[in-house]
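Novice: Dumping the structure here so I can ask a few things about it.
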Amino acid sequence: MAESTVWWLLAGAAVALELVTGTFFLLMLALGLSAGALAAHMGLSMSAQLVAAALVGGGAVVAWHKWRKMHPPAAPAAANKDVNLDIGQTVWIDQWDRDGKATVKYRGADWSASLSTPTPDAAGGKYRIVAVEGSRLIVEPN
């Protein structure tokens with residue numbers, strides 16, 4: 001079996017393992033294994049193939065790690081402004097129940113509301129929606 005075939009099989013195994021585990025880093029390592037296969041196709045020595053695989057795979061992992069640090073994950077859908085247009089809107093709450101819930105009229109319907117950080121002395125007034133969970137608005141003081 002040719003050296004390049006072994007590299008391609010390893011790259012395919014890394015991609016298959018990534019599909020099972022869902023870790024994007026394995027795809028970066030598969031890129032490195034593919035670089036090793038290409039080096040084998042060019043007729044380079046085994047040490048050159050290993051160096052190519054290590055540089056490309058390791059470099060891709062480091063680059064992906066840095067990119068992820070610079071771009072934090074998006075907020076969950078319940079609290080993401082881009083997904084739910086109610087986030088950031090204001091509502092008027094007349095009074096809170098003893099259990100920390102309130103009923104509020106919003107968009108022509110009655111909604112249940114609760115505070116994002118429950119406080120025992122919550123007063124009525126203007127509140128901003130920070131998340132939507134089903135038919136319940138999670139609010140905080142405006």
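A note on labels: chains of the structure tokens are A, B, ... as shown, every chain counts residues from 1, and ligands are counted from 1 in their shown order.
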Show which residues sit within 8 Å of Pro141 (chain A), as a PyMOL selection string. Count only C-alpha atoms, and ignore same-chain residues fewer than 5 positions away.

Specialist: chain A and resi 125-128

Novice: Name the residues in contact with Phe25 (chain A) at a cut-off of 12 Å, using only C-alpha atoms, excluding same-chain residues fewer than 5 positions from it; report them as a list of chain:residue names.

Specialist: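 What passes the distance filter is A:Ala14, A:Val15, A:Leu17, A:Glu18, A:Leu19, A:Ala30, A:Leu31, A:Gly32, A:Gly57, A:Gly58, A:Gly59, A:Ala60, A:Val61, A:Val62, A:Ala63, A:Trp64, A:His65, A:Arg68.
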
Novice: Set out as CSV a contact list for region 30-129 of chain A and region 1-11 of chain A with a cut-off of 9 Å, giving each residue of region 30-129 of chain A that qualifies its closest atom pair and distance in Å to one decimal, counting only C-alpha atoms, ordered by chain and rising residue number.

Specialist:
residue,atom,partner,partner_atom,distance
A:Ala30,CA,A:Ala11,CA,4.6
A:Leu31,CA,A:Ala11,CA,7.3
A:Gly32,CA,A:Ala11,CA,8.1
A:Leu33,CA,A:Ala11,CA,5.2
A:Ser34,CA,A:Ala11,CA,6.0
A:Ala35,CA,A:Trp7,CA,8.6
A:Gly36,CA,A:Trp7,CA,6.2
A:Ala37,CA,A:Ser4,CA,4.5
A:Leu38,CA,A:Ser4,CA,7.1
A:Ala39,CA,A:Ser4,CA,8.0
A:Ala40,CA,A:Ser4,CA,5.1
A:His41,CA,A:Ser4,CA,6.0
A:Met46,CA,A:Glu3,CA,8.5

Novice: Take the residues from that selection and write them out as a JSON list (two decimals), in the first residue's frame, keeping C-alpha atoms.

Specialist:
[["chain", "number", "residue", "atom", "x", "y", "z"],
["A", 30, "ALA", "CA", -7.74, 15.88, 8.92],
["A", 31, "LEU", "CA", -6.38, 18.84, 6.95],
["A", 32, "GLY", "CA", -2.95, 18.06, 8.36],
["A", 33, "LEU", "CA", -3.29, 14.39, 7.41],
["A", 34, "SER", "CA", -4.30, 15.48, 3.90],
["A", 35, "ALA", "CA", -1.16, 17.62, 3.75],
["A", 36, "GLY", "CA", 0.83, 14.52, 4.64],
["A", 37, "ALA", "CA", -0.89, 12.65, 1.79],
["A", 38, "LEU", "CA", -0.07, 15.44, -0.66],
["A", 39, "ALA", "CA", 3.54, 15.41, 0.50],
["A", 40, "ALA", "CA", 3.60, 11.65, -0.13],
["A", 41, "HIS", "CA", 2.19, 12.21, -3.63],
["A", 46, "MET", "CA", 8.47, 10.24, 5.50]]

Novice: I need the helix (DSSP H, G or I) residues of region 21-71 of chain A per DSSP on the backbone, written as an NGL selection string.

Specialist: :A and (21 or 25-41 or 46-70)

Novice: So what do you get for CA of Val91 (chain A) versus CA of Thr103 (chain A), distance-wise?

Specialist: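 We find that CA of Val91 (chain A) and CA of Thr103 (chain A) lie 10.6 Å from each other.
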
Novice: Select, from A:Ile138, A:Gly12, A:Ala123, A:Gln95, the residue with the minimum atom-to-atom distance to Leu29 (chain A), counting only C-alpha atoms.

Specialist: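 Of A:Ile138, A:Gly12, A:Ala123, A:Gln95, the one nearest Leu29 (chain A), counting only C-alpha atoms, is A:Gly12.
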
Novice: DSSP on the backbone, strand (DSSP E or B) only: what residues of region 5-139 of chain A does that give? Format it as a VMD selection string.

Specialist: chain A and resid 90 to 93 101 to 106 109 to 115 125 to 133 136 to 139

Novice: Can you write out the residues you just picked, keeping C-alpha atoms, as a CSV table (one decimal), in the first residue's frame?

Specialist:
chain,number,residue,atom,x,y,z
A,90,THR,CA,-40.4,47.1,26.7
A,91,VAL,CA,-43.5,46.1,28.6
A,92,TRP,CA,-45.4,47.7,31.4
A,93,ILE,CA,-46.1,45.5,34.5
A,101,LYS,CA,-44.7,36.2,38.3
A,102,ALA,CA,-46.8,38.7,36.5
A,103,THR,CA,-49.3,38.8,33.7
A,104,VAL,CA,-48.6,41.4,31.1
A,105,LYS,CA,-50.5,42.5,27.9
A,106,TYR,CA,-48.0,42.4,25.0
A,109,ALA,CA,-52.2,38.9,24.2
A,110,ASP,CA,-51.7,38.1,27.8
A,111,TRP,CA,-48.2,36.8,28.6
A,112,SER,CA,-46.7,35.4,31.7
A,113,ALA,CA,-43.6,37.4,32.9
A,114,SER,CA,-40.9,36.7,35.4
A,115,LEU,CA,-37.7,38.5,36.4
A,125,GLY,CA,-43.2,49.7,36.1
A,126,LYS,CA,-41.4,49.6,32.8
A,127,TYR,CA,-39.4,46.4,32.1
A,128,ARG,CA,-37.3,45.3,29.2
A,129,ILE,CA,-37.6,41.8,27.7
A,130,VAL,CA,-34.3,39.8,27.8
A,131,ALA,CA,-35.5,36.4,26.8
A,132,VAL,CA,-38.6,34.5,25.7
A,133,GLU,CA,-39.3,31.0,27.0
A,136,ARG,CA,-43.3,33.5,29.2
A,137,LEU,CA,-41.3,36.7,29.0
A,138,ILE,CA,-38.1,37.0,31.0
A,139,VAL,CA,-37.7,40.7,31.9

Novice: Suppose you want the space between CA of Asn142 (chain A) and CA of Ala74 (chain A); what is it in Å?

Specialist: 23.1 Å

Novice: Could you please determine the separation between CA of Val51 (chain A) and CA of Ala16 (chain A) in Å, to one decimal place?

Specialist: 23.3 Å
